[in-house]
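Coordinates from structure23.pdb are shown below (PDB, C-alpha atoms).
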ATOM      1  CA  MET A   1    -186.967   1.524 108.428  1.00  0.00           C
ATOM      2  CA  THR A   2    -184.620   4.061 106.879  1.00  0.00           C
ATOM      3  CA  THR A   3    -182.582   4.931 103.832  1.00  0.00           C
ATOM      4  CA  VAL A   4    -178.796   4.694 103.755  1.00  0.00           C
ATOM      5  CA  ALA A   5    -176.829   5.320 100.541  1.00  0.00           C
ATOM      6  CA  TRP A   6    -173.187   5.072  99.411  1.00  0.00           C
ATOM      7  CA  ASP A   7    -172.096   6.774  96.186  1.00  0.00           C
ATOM      8  CA  GLY A   8    -168.439   5.743  96.246  1.00  0.00           C
ATOM      9  CA  HIS A   9    -167.405   8.886  98.154  1.00  0.00           C
ATOM     10  CA  THR A  10    -170.037   9.711 100.755  1.00  0.00           C
ATOM     11  CA  LEU A  11    -172.226   7.680 103.082  1.00  0.00           C
ATOM     12  CA  ALA A  12    -175.595   9.309 103.781  1.00  0.00           C
ATOM     13  CA  ALA A  13    -178.617   8.412 105.899  1.00  0.00           C
ATOM     14  CA  ASP A  14    -181.936   9.880 106.872  1.00  0.00           C
ATOM     15  CA  SER A  15    -182.664  10.619 110.526  1.00  0.00           C
ATOM     16  CA  GLN A  16    -186.126   9.213 111.232  1.00  0.00           C
ATOM     17  CA  VAL A  17    -186.695   6.616 113.938  1.00  0.00           C
ATOM     18  CA  THR A  18    -190.054   5.286 115.032  1.00  0.00           C
ATOM     19  CA  PHE A  19    -191.265   3.965 118.351  1.00  0.00           C
ATOM     20  CA  GLY A  20    -194.660   2.456 117.575  1.00  0.00           C
ATOM     21  CA  ASN A  21    -196.620   5.431 116.281  1.00  0.00           C
ATOM     22  CA  LEU A  22    -194.127   7.995 117.630  1.00  0.00           C
ATOM     23  CA  VAL A  23    -191.526   9.543 115.333  1.00  0.00           C
ATOM     24  CA  GLY A  24    -188.127  10.761 116.487  1.00  0.00           C
ATOM     25  CA  HIS A  25    -184.706  11.496 115.049  1.00  0.00           C
ATOM     26  CA  CYS A  26    -181.336   9.783 115.380  1.00  0.00           C
ATOM     27  CA  THR A  27    -177.932  10.029 113.671  1.00  0.00           C
ATOM     28  CA  LYS A  28    -177.537   6.829 111.626  1.00  0.00           C
ATOM     29  CA  ALA A  29    -174.408   7.725 109.596  1.00  0.00           C
ATOM     30  CA  VAL A  30    -171.242   8.116 111.660  1.00  0.00           C
ATOM     31  CA  LYS A  31    -167.502   8.351 111.310  1.00  0.00           C
ATOM     32  CA  LEU A  32    -165.868   5.972 113.777  1.00  0.00           C
ATOM     33  CA  GLU A  33    -162.845   6.987 115.853  1.00  0.00           C
ATOM     34  CA  ASP A  34    -160.501   5.129 113.475  1.00  0.00           C
ATOM     35  CA  GLY A  35    -161.914   6.807 110.348  1.00  0.00           C
ATOM     36  CA  ARG A  36    -164.198   3.999 109.195  1.00  0.00           C
ATOM     37  CA  LEU A  37    -167.737   4.963 108.216  1.00  0.00           C
ATOM     38  CA  LEU A  38    -170.889   3.188 109.383  1.00  0.00           C
ATOM     39  CA  ALA A  39    -174.575   3.664 108.682  1.00  0.00           C
ATOM     40  CA  SER A  40    -177.355   1.286 109.668  1.00  0.00           C
ATOM     41  CA  SER A  41    -180.898   0.264 108.893  1.00  0.00           C
ATOM     42  CA  GLY A  42    -183.061  -1.472 111.466  1.00  0.00           C
ATOM     43  CA  PHE A  43    -183.488  -0.841 115.170  1.00  0.00           C
ATOM     44  CA  ALA A  44    -181.550   2.164 116.476  1.00  0.00           C
ATOM     45  CA  GLU A  45    -180.194   0.168 119.417  1.00  0.00           C
ATOM     46  CA  ASP A  46    -178.638  -2.316 116.968  1.00  0.00           C
ATOM     47  CA  HIS A  47    -176.845   0.562 115.210  1.00  0.00           C
ATOM     48  CA  PHE A  48    -175.360   1.751 118.503  1.00  0.00           C
ATOM     49  CA  GLN A  49    -174.352  -1.791 119.500  1.00  0.00           C
ATOM     50  CA  VAL A  50    -172.557  -2.340 116.166  1.00  0.00           C
ATOM     51  CA  LYS A  51    -170.877   1.071 116.419  1.00  0.00           C
ATOM     52  CA  GLN A  52    -169.575   0.241 119.902  1.00  0.00           C
ATOM     53  CA  TRP A  53    -168.502  -3.251 118.816  1.00  0.00           C
ATOM     54  CA  LEU A  54    -166.557  -1.859 115.839  1.00  0.00           C
ATOM     55  CA  GLU A  55    -164.900   0.806 117.989  1.00  0.00           C
ATOM     56  CA  THR A  56    -163.712  -1.835 120.470  1.00  0.00           C
ATOM     57  CA  GLY A  57    -162.118  -4.092 117.845  1.00  0.00           C
ATOM     58  CA  GLY A  58    -164.973  -5.841 116.033  1.00  0.00           C
ATOM     59  CA  LEU A  59    -164.174  -6.991 112.480  1.00  0.00           C
ATOM     60  CA  ARG A  60    -160.468  -6.492 113.112  1.00  0.00           C
ATOM     61  CA  GLY A  61    -159.526 -10.127 113.680  1.00  0.00           C
ATOM     62  CA  PRO A  62    -160.882 -13.632 113.115  1.00  0.00           C
ATOM     63  CA  ARG A  63    -164.483 -14.094 114.245  1.00  0.00           C
ATOM     64  CA  HIS A  64    -163.486 -16.304 117.190  1.00  0.00           C
ATOM     65  CA  GLU A  65    -161.520 -13.372 118.643  1.00  0.00           C
ATOM     66  CA  ASP A  66    -164.686 -11.245 118.957  1.00  0.00           C
ATOM     67  CA  PRO A  67    -166.260 -12.606 122.159  1.00  0.00           C
ATOM     68  CA  GLU A  68    -168.392  -9.512 122.741  1.00  0.00           C
ATOM     69  CA  GLN A  69    -170.357  -9.635 119.481  1.00  0.00           C
ATOM     70  CA  PRO A  70    -173.741  -8.010 119.935  1.00  0.00           C
ATOM     71  CA  VAL A  71    -176.886 -10.026 119.363  1.00  0.00           C
ATOM     72  CA  LEU A  72    -178.854  -8.145 116.709  1.00  0.00           C
ATOM     73  CA  ASP A  73    -182.357  -8.265 115.311  1.00  0.00           C
ATOM     74  CA  LYS A  74    -182.527 -10.332 112.104  1.00  0.00           C
ATOM     75  CA  ASP A  75    -183.490  -7.208 110.129  1.00  0.00           C
ATOM     76  CA  TYR A  76    -180.266  -5.308 110.908  1.00  0.00           C
ATOM     77  CA  THR A  77    -178.271  -4.185 107.863  1.00  0.00           C
ATOM     78  CA  GLY A  78    -175.382  -1.759 107.810  1.00  0.00           C
ATOM     79  CA  ILE A  79    -172.920  -0.326 105.344  1.00  0.00           C
ATOM     80  CA  LEU A  80    -169.306  -0.155 106.529  1.00  0.00           C
ATOM     81  CA  ILE A  81    -166.617   1.751 104.643  1.00  0.00           C
ATOM     82  CA  ASP A  82    -163.024   1.020 105.591  1.00  0.00           C
ATOM     83  CA  GLY A  83    -159.580   1.028 104.025  1.00  0.00           C
ATOM     84  CA  ASP A  84    -160.308  -2.307 102.352  1.00  0.00           C
ATOM     85  CA  GLY A  85    -163.525  -1.245 100.620  1.00  0.00           C
ATOM     86  CA  ALA A  86    -167.260  -0.872 100.994  1.00  0.00           C
ATOM     87  CA  TRP A  87    -169.183  -3.632 102.776  1.00  0.00           C
ATOM     88  CA  VAL A  88    -172.636  -4.747 103.770  1.00  0.00           C
ATOM     89  CA  ILE A  89    -172.941  -6.084 107.321  1.00  0.00           C
ATOM     90  CA  GLN A  90    -176.025  -8.015 108.344  1.00  0.00           C
ATOM     91  CA  SER A  91    -177.167  -9.413 111.675  1.00  0.00           C
ATOM     92  CA  ASN A  92    -174.573 -12.221 111.588  1.00  0.00           C
ATOM     93  CA  LEU A  93    -171.841  -9.507 111.577  1.00  0.00           C
ATOM     94  CA  ILE A  94    -170.057 -10.948 108.561  1.00  0.00           C
ATOM     95  CA  ARG A  95    -169.153  -8.352 105.973  1.00  0.00           C
ATOM     96  CA  TRP A  96    -169.503  -8.867 102.248  1.00  0.00           C
ATOM     97  CA  PRO A  97    -168.688  -6.499  99.372  1.00  0.00           C
ATOM     98  CA  LEU A  98    -171.353  -4.115  98.132  1.00  0.00           C
ATOM     99  CA  PRO A  99    -172.877  -5.526  94.933  1.00  0.00           C
ATOM    100  CA  ARG A 100    -172.440  -2.224  93.047  1.00  0.00           C
ATOM    101  CA  LYS A 101    -170.427   0.972  93.289  1.00  0.00           C
ATOM    102  CA  HIS A 102    -173.586   2.900  94.225  1.00  0.00           C
ATOM    103  CA  TRP A 103    -175.639   1.081  96.818  1.00  0.00           C
ATOM    104  CA  ALA A 104    -178.390   1.731  99.322  1.00  0.00           C
ATOM    105  CA  ILE A 105    -180.201  -0.157 102.073  1.00  0.00           C
ATOM    106  CA  GLY A 106    -183.456   0.291 103.943  1.00  0.00           C
ATOM    107  CA  SER A 107    -187.014   0.899 102.910  1.00  0.00           C
ATOM    108  CA  GLY A 108    -186.139   3.785 100.560  1.00  0.00           C
ATOM    109  CA  ARG A 109    -183.184   2.043  98.917  1.00  0.00           C
ATOM    110  CA  ASP A 110    -184.720   1.718  95.444  1.00  0.00           C
ATOM    111  CA  PHE A 111    -185.363   5.472  95.230  1.00  0.00           C
ATOM    112  CA  ALA A 112    -181.811   6.267  96.370  1.00  0.00           C
ATOM    113  CA  ILE A 113    -180.196   3.751  93.997  1.00  0.00           C
ATOM    114  CA  ALA A 114    -182.204   5.114  91.060  1.00  0.00           C
ATOM    115  CA  ALA A 115    -181.225   8.682  91.950  1.00  0.00           C
ATOM    116  CA  MET A 116    -177.524   7.786  92.155  1.00  0.00           C
ATOM    117  CA  HIS A 117    -177.781   5.872  88.868  1.00  0.00           C
ATOM    118  CA  LEU A 118    -179.012   9.139  87.349  1.00  0.00           C
ATOM    119  CA  GLY A 119    -175.987  11.050  88.664  1.00  0.00           C
ATOM    120  CA  ARG A 120    -177.157  12.280  92.076  1.00  0.00           C
ATOM    121  CA  THR A 121    -175.033  12.034  95.215  1.00  0.00           C
ATOM    122  CA  ALA A 122    -175.788   9.703  98.112  1.00  0.00           C
ATOM    123  CA  ALA A 123    -177.227  12.600 100.132  1.00  0.00           C
ATOM    124  CA  GLU A 124    -179.413  13.669  97.223  1.00  0.00           C
ATOM    125  CA  GLY A 125    -180.566  10.064  96.787  1.00  0.00           C
ATOM    126  CA  VAL A 126    -181.593   9.861 100.429  1.00  0.00           C
ATOM    127  CA  ALA A 127    -183.357  13.226 100.174  1.00  0.00           C
ATOM    128  CA  ILE A 128    -185.299  11.929  97.161  1.00  0.00           C
ATOM    129  CA  ALA A 129    -186.208   8.797  99.135  1.00  0.00           C
ATOM    130  CA  CYS A 130    -187.567  11.125 101.841  1.00  0.00           C
ATOM    131  CA  GLU A 131    -190.093  12.386  99.298  1.00  0.00           C
ATOM    132  CA  PHE A 132    -191.466   8.920  98.496  1.00  0.00           C
ATOM    133  CA  ASP A 133    -190.830   6.615 101.474  1.00  0.00           C
ATOM    134  CA  ALA A 134    -192.955   7.124 104.600  1.00  0.00           C
ATOM    135  CA  ASN A 135    -190.219   5.570 106.758  1.00  0.00           C
ATOM    136  CA  THR A 136    -187.494   7.984 105.639  1.00  0.00           C
ATOM    137  CA  ALA A 137    -187.299  11.628 106.724  1.00  0.00           C
ATOM    138  CA  LEU A 138    -185.050  14.670 106.740  1.00  0.00           C
ATOM    139  CA  PRO A 139    -182.565  15.776 107.828  1.00  0.00           C
ATOM    140  CA  VAL A 140    -180.011  13.782 105.853  1.00  0.00           C
ATOM    141  CA  VAL A 141    -176.657  13.212 107.567  1.00  0.00           C
ATOM    142  CA  GLU A 142    -173.608  12.489 105.438  1.00  0.00           C
ATOM    143  CA  VAL A 143    -170.072  11.419 106.322  1.00  0.00           C
ATOM    144  CA  SER A 144    -166.997  10.813 104.208  1.00  0.00           C
ATOM    145  CA  ARG A 145    -163.524   9.451 104.753  1.00  0.00           C
ATOM    146  CA  THR A 146    -161.867  12.767 103.887  1.00  0.00           C
ATOM    147  CA  ALA A 147    -164.043  15.128 105.932  1.00  0.00           C
ATOM    148  CA  ASP A 148    -165.217  15.155 109.508  1.00  0.00           C
ATOM    149  CA  PRO A 149    -168.906  14.354 110.083  1.00  0.00           C
TER     150      PRO A 149
END

Written as structure tokens, how would this file's structure read?
Amino acid sequence: MTTVAWDGHTLAADSQVTFGNLVGHCTKAVKLEDGRLLASSGFAEDHFQVKQWLETGGLRGPRHEDPEQPVLDKDYTGILIDGDGAWVIQSNLIRWPLPRKHWAIGSGRDFAIAAMHLGRTAAEGVAIACEFDANTALPVVEVSRTADP
């Protein structure tokens, strides 16, 4: 899995991906061309499909105007930050507001949420999750709306 965290200012994610018993690295937190932020948990290919879909107009109009919606694994979850707020996106590609100001997804989410609750940043929360969650590993990548990734 992974750990992705949002602290109200910065979106952060670990970099570990697995292919069976093989471990690799991938950038899971990105700043889209239009300034929106996206980070994903689940299969890496789903992250790249959602990124491409968003960059070509996804979630900009009514659902029936998005004919090229990717078909995602049921375990896909992403966090999208845009001018309207902070959102969770799941495999059905419908966004809903984050339940709390500080939020995290993925297998290390509880560690990251606890860290942010105690005053740590999103990146620090993900780094702490790296210490305790076998499916989360350094390096941590962070993006924000005010700074380039």

**OP:** Report as a VMD selection string the residues that result from applying the PyMOL selection byres ((chain A and resi 78) around 9) to the structure here.
**Re:** chain A and resid 4 38 to 42 47 50 76 to 77 79 to 80 87 to 91 105

I'd like the residues picked by the PyMOL selection byres ((chain A and resi 134) around 12) written out as a short mmCIF file (atom, residue, chain, number, x, y, z; two decimals) with C-alpha atoms, in the frame of the given file, using the chain letters and numbers from the file.
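expr-v2.cif, freshly written:
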data_model
loop_
_atom_site.label_atom_id
_atom_site.label_comp_id
_atom_site.auth_asym_id
_atom_site.auth_seq_id
_atom_site.Cartn_x
_atom_site.Cartn_y
_atom_site.Cartn_z
CA MET A 1 -186.97 1.52 108.43
CA THR A 2 -184.62 4.06 106.88
CA THR A 3 -182.58 4.93 103.83
CA ASP A 14 -181.94 9.88 106.87
CA GLN A 16 -186.13 9.21 111.23
CA VAL A 17 -186.70 6.62 113.94
CA THR A 18 -190.05 5.29 115.03
CA VAL A 23 -191.53 9.54 115.33
CA GLY A 106 -183.46 0.29 103.94
CA SER A 107 -187.01 0.90 102.91
CA GLY A 108 -186.14 3.78 100.56
CA ILE A 128 -185.30 11.93 97.16
CA ALA A 129 -186.21 8.80 99.14
CA CYS A 130 -187.57 11.12 101.84
CA GLU A 131 -190.09 12.39 99.30
CA PHE A 132 -191.47 8.92 98.50
CA ASP A 133 -190.83 6.62 101.47
CA ASN A 135 -190.22 5.57 106.76
CA THR A 136 -187.49 7.98 105.64
CA ALA A 137 -187.30 11.63 106.72
CA LEU A 138 -185.05 14.67 106.74
#

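Reported to one decimal place, the separation of atom CA of Ser15 of chain A from atom CA of Pro139 of chain A is 5.8 Å.
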
Original post:
Is there a way to get, as a PyMOL selection string, all residues within 10 Å of the point (-167.9, 4.5, 106.3) in file coordinates, counting only C-alpha atoms?
Top reply: chain A and resi 6+9-12+29-32+35-39+78-83+85-87+142-145

Residues as selected, C-alpha atoms, written as a PDB file, keeping the file's coordinate frame, can you do that?
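That gives us part-v5.pdb:
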ATOM      1  CA  TRP A   6    -173.187   5.072  99.411  1.00  0.00           C
ATOM      2  CA  HIS A   9    -167.405   8.886  98.154  1.00  0.00           C
ATOM      3  CA  THR A  10    -170.037   9.711 100.755  1.00  0.00           C
ATOM      4  CA  LEU A  11    -172.226   7.680 103.082  1.00  0.00           C
ATOM      5  CA  ALA A  12    -175.595   9.309 103.781  1.00  0.00           C
ATOM      6  CA  ALA A  29    -174.408   7.725 109.596  1.00  0.00           C
ATOM      7  CA  VAL A  30    -171.242   8.116 111.660  1.00  0.00           C
ATOM      8  CA  LYS A  31    -167.502   8.351 111.310  1.00  0.00           C
ATOM      9  CA  LEU A  32    -165.868   5.972 113.777  1.00  0.00           C
ATOM     10  CA  GLY A  35    -161.914   6.807 110.348  1.00  0.00           C
ATOM     11  CA  ARG A  36    -164.198   3.999 109.195  1.00  0.00           C
ATOM     12  CA  LEU A  37    -167.737   4.963 108.216  1.00  0.00           C
ATOM     13  CA  LEU A  38    -170.889   3.188 109.383  1.00  0.00           C
ATOM     14  CA  ALA A  39    -174.575   3.664 108.682  1.00  0.00           C
ATOM     15  CA  GLY A  78    -175.382  -1.759 107.810  1.00  0.00           C
ATOM     16  CA  ILE A  79    -172.920  -0.326 105.344  1.00  0.00           C
ATOM     17  CA  LEU A  80    -169.306  -0.155 106.529  1.00  0.00           C
ATOM     18  CA  ILE A  81    -166.617   1.751 104.643  1.00  0.00           C
ATOM     19  CA  ASP A  82    -163.024   1.020 105.591  1.00  0.00           C
ATOM     20  CA  GLY A  83    -159.580   1.028 104.025  1.00  0.00           C
ATOM     21  CA  GLY A  85    -163.525  -1.245 100.620  1.00  0.00           C
ATOM     22  CA  ALA A  86    -167.260  -0.872 100.994  1.00  0.00           C
ATOM     23  CA  TRP A  87    -169.183  -3.632 102.776  1.00  0.00           C
ATOM     24  CA  GLU A 142    -173.608  12.489 105.438  1.00  0.00           C
ATOM     25  CA  VAL A 143    -170.072  11.419 106.322  1.00  0.00           C
ATOM     26  CA  SER A 144    -166.997  10.813 104.208  1.00  0.00           C
ATOM     27  CA  ARG A 145    -163.524   9.451 104.753  1.00  0.00           C
TER      28      ARG A 145
END

Original post:
Quick one: of A:Asp34, A:Asp73, A:Glu124, A:Asp110, who's nearest to Leu54 of chain A, counting all atoms listed in the file?
Top reply: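 Of all the options, A:Asp34 lies closest to Leu54 of chain A.
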
**OP:** Kindly indicate which residue among A:Asp84, A:His117, A:Lys28, A:Lys74 lies nearest to Leu59 of chain A, using only C-alpha atoms for the distances.
**Re:**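 Ranking A:Asp84, A:His117, A:Lys28, A:Lys74 by distance to Leu59 of chain A, first place goes to A:Asp84.
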
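Take atom CA of Asp7 of chain A and atom CA of Ala122 of chain A: the distance between them is 5.1 Å.
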
Original post:
In Å to one decimal, how far is atom CA of Trp96 of chain A from atom CA of Val140 of chain A?
Top reply: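 Going from atom CA of Val140 of chain A over to atom CA of Trp96 of chain A covers 25.2 Å.
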
Original post:
Can you list, as a ChimeraX atom specification, every protein, DNA or RNA residue that comes within 9 Å of Gln69 of chain A when you count all atoms listed in the file, leaving out same-chain residues fewer than 4 positions away?
Top reply: /A:49-50,53,58,93

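Using all atoms listed in the file for every distance, the candidate list A:Leu72, A:Ile94, A:Cys26, A:Ala13 yields A:Ala13 as the residue closest to Gly125 of chain A.
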